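Q: After the structure tokens below, expect a handful of questions from me.
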Amino acid sequence: MTPQGISPLGWVAVLVSGILFGAGLAASRMVEPEVVLAFLRFQDFGLLFVMGAAALVAGIAYALAPRLLAKPPFGARFDVHPSRFDRPTLVGAAIFGIGWGLAGVCPGPAIAGLGAGNLPLLGSLAGMLAGAYVQGRWFGGDDPSSAAAVPVAR
Amino acid sequence: MLDTLFPHGIAPYAGGGLLIGAGVALLFVATGRVGGMSTVFSAVWSFVSGATHFRQRRYVDSRLWRCVLAAGLVVGAALWTYAGGHPMPVTTVPTLHLVVGGFLAGFGARMANGCTSGHGICGLASRQASSLAAVVVFMATAMATANLVAALR
């Protein structure tokens, strides 16, 4: 196991996972803001099938793997998505939606878009990095798990 | 009716969704990790920032695999586009919209602890009510914003 609890073959699996994810984002045309905006303007409802099919496949894995395996073959344990029913989740989702509706780009496609040659999406990528910084630096202090701090040099 | 709702059919969308789901599923089954994409935007700041928020273990301990996953996204999209022979048009969305929209999407996703993939795929896949609420909220504000912007242009 490496320091992050992932064995060497696990790193290959992480990369292959990303490749599948990125190919899917390109195949579903999520990396084209015009396609996303057409969905949000009720002109093409196909994007419902992107989220639906992806959530279905992921849901089967999330439900079955922890029952069939004591632990993942290349990791220490099965994680759970840390979702909370609170105000920041709802307010943050509302702000996220405004940004998504303005740009037509969300985090995955902003990254994958570079591989697809949609270079103007670099503007969104820079905006997201800045937005994540401002959120964490000035608005992220109330996070309940922030006590577990790690110094910069490690 | 179907042609109106789905002018480009559903095959490319469902097919792409299956690929995305396969990636999320492989990540989980092989390593136990839950991979929404927005967290990497906070995790990379842990390489350079001393701010308390970015020193949390959940960022520092996950930043490497999140960066490898993000690199995979770029490679996968490039393979589909160039090796697969599916060139796509470069966007004509105004730069201001891309940058400001990106900023709000980055800020909001980190505040909500998830985005279209974190809540919309991973959260729904693990049947979390809070993620369903987040999806309903961001779909509503995104649709309102996109229609408003289109009406004003």
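Labels for the structure tokens follow display order: chains A, B, ..., residues from 1 in each chain, ligands from 1.
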Would you pick out the contacts of Phe96 in chain A at 10 Å or less, using only C-alpha atoms, so that residues sharing its chain but fewer than 2 positions from it are not included, and give the list as a PyMOL selection string?

A: (chain A and resi 90-94+98-102+106) or (chain B and resi 101-112+114-116+134+137-139+141-142)

Q: Give me, as an NGL selection string, all polymer residues having an atom no more than 10 Å from Met88 in chain B, counting only C-alpha atoms and skipping those fewer than 2 positions away in the same chain.

A: (:A and (26 or 29 or 31-32 or 116-118)) or (:B and (81-82 or 85-86 or 90-91))

Q: Find the residue from B:Pro94, B:Pro89, B:Gly23, B:Gly84 that sits nearest to chain A; use only C-alpha atoms when measuring.

A: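 For chain A, the nearest of the candidates is B:Gly23.
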
Q: Can you pull out every residue within 6 Å of Pro72 in chain A, counting only C-alpha atoms, but drop anything in the same chain fewer than 4 positions away, and send it as JSON, numbers by chain?

A: {"B": [29, 30, 31, 32]}

Q: With distances taken over only C-alpha atoms, which residue among B:Tyr13, B:Trp45, B:Phe54, B:Trp80 lies nearest Gly46 in chain A?

A: B:Tyr13
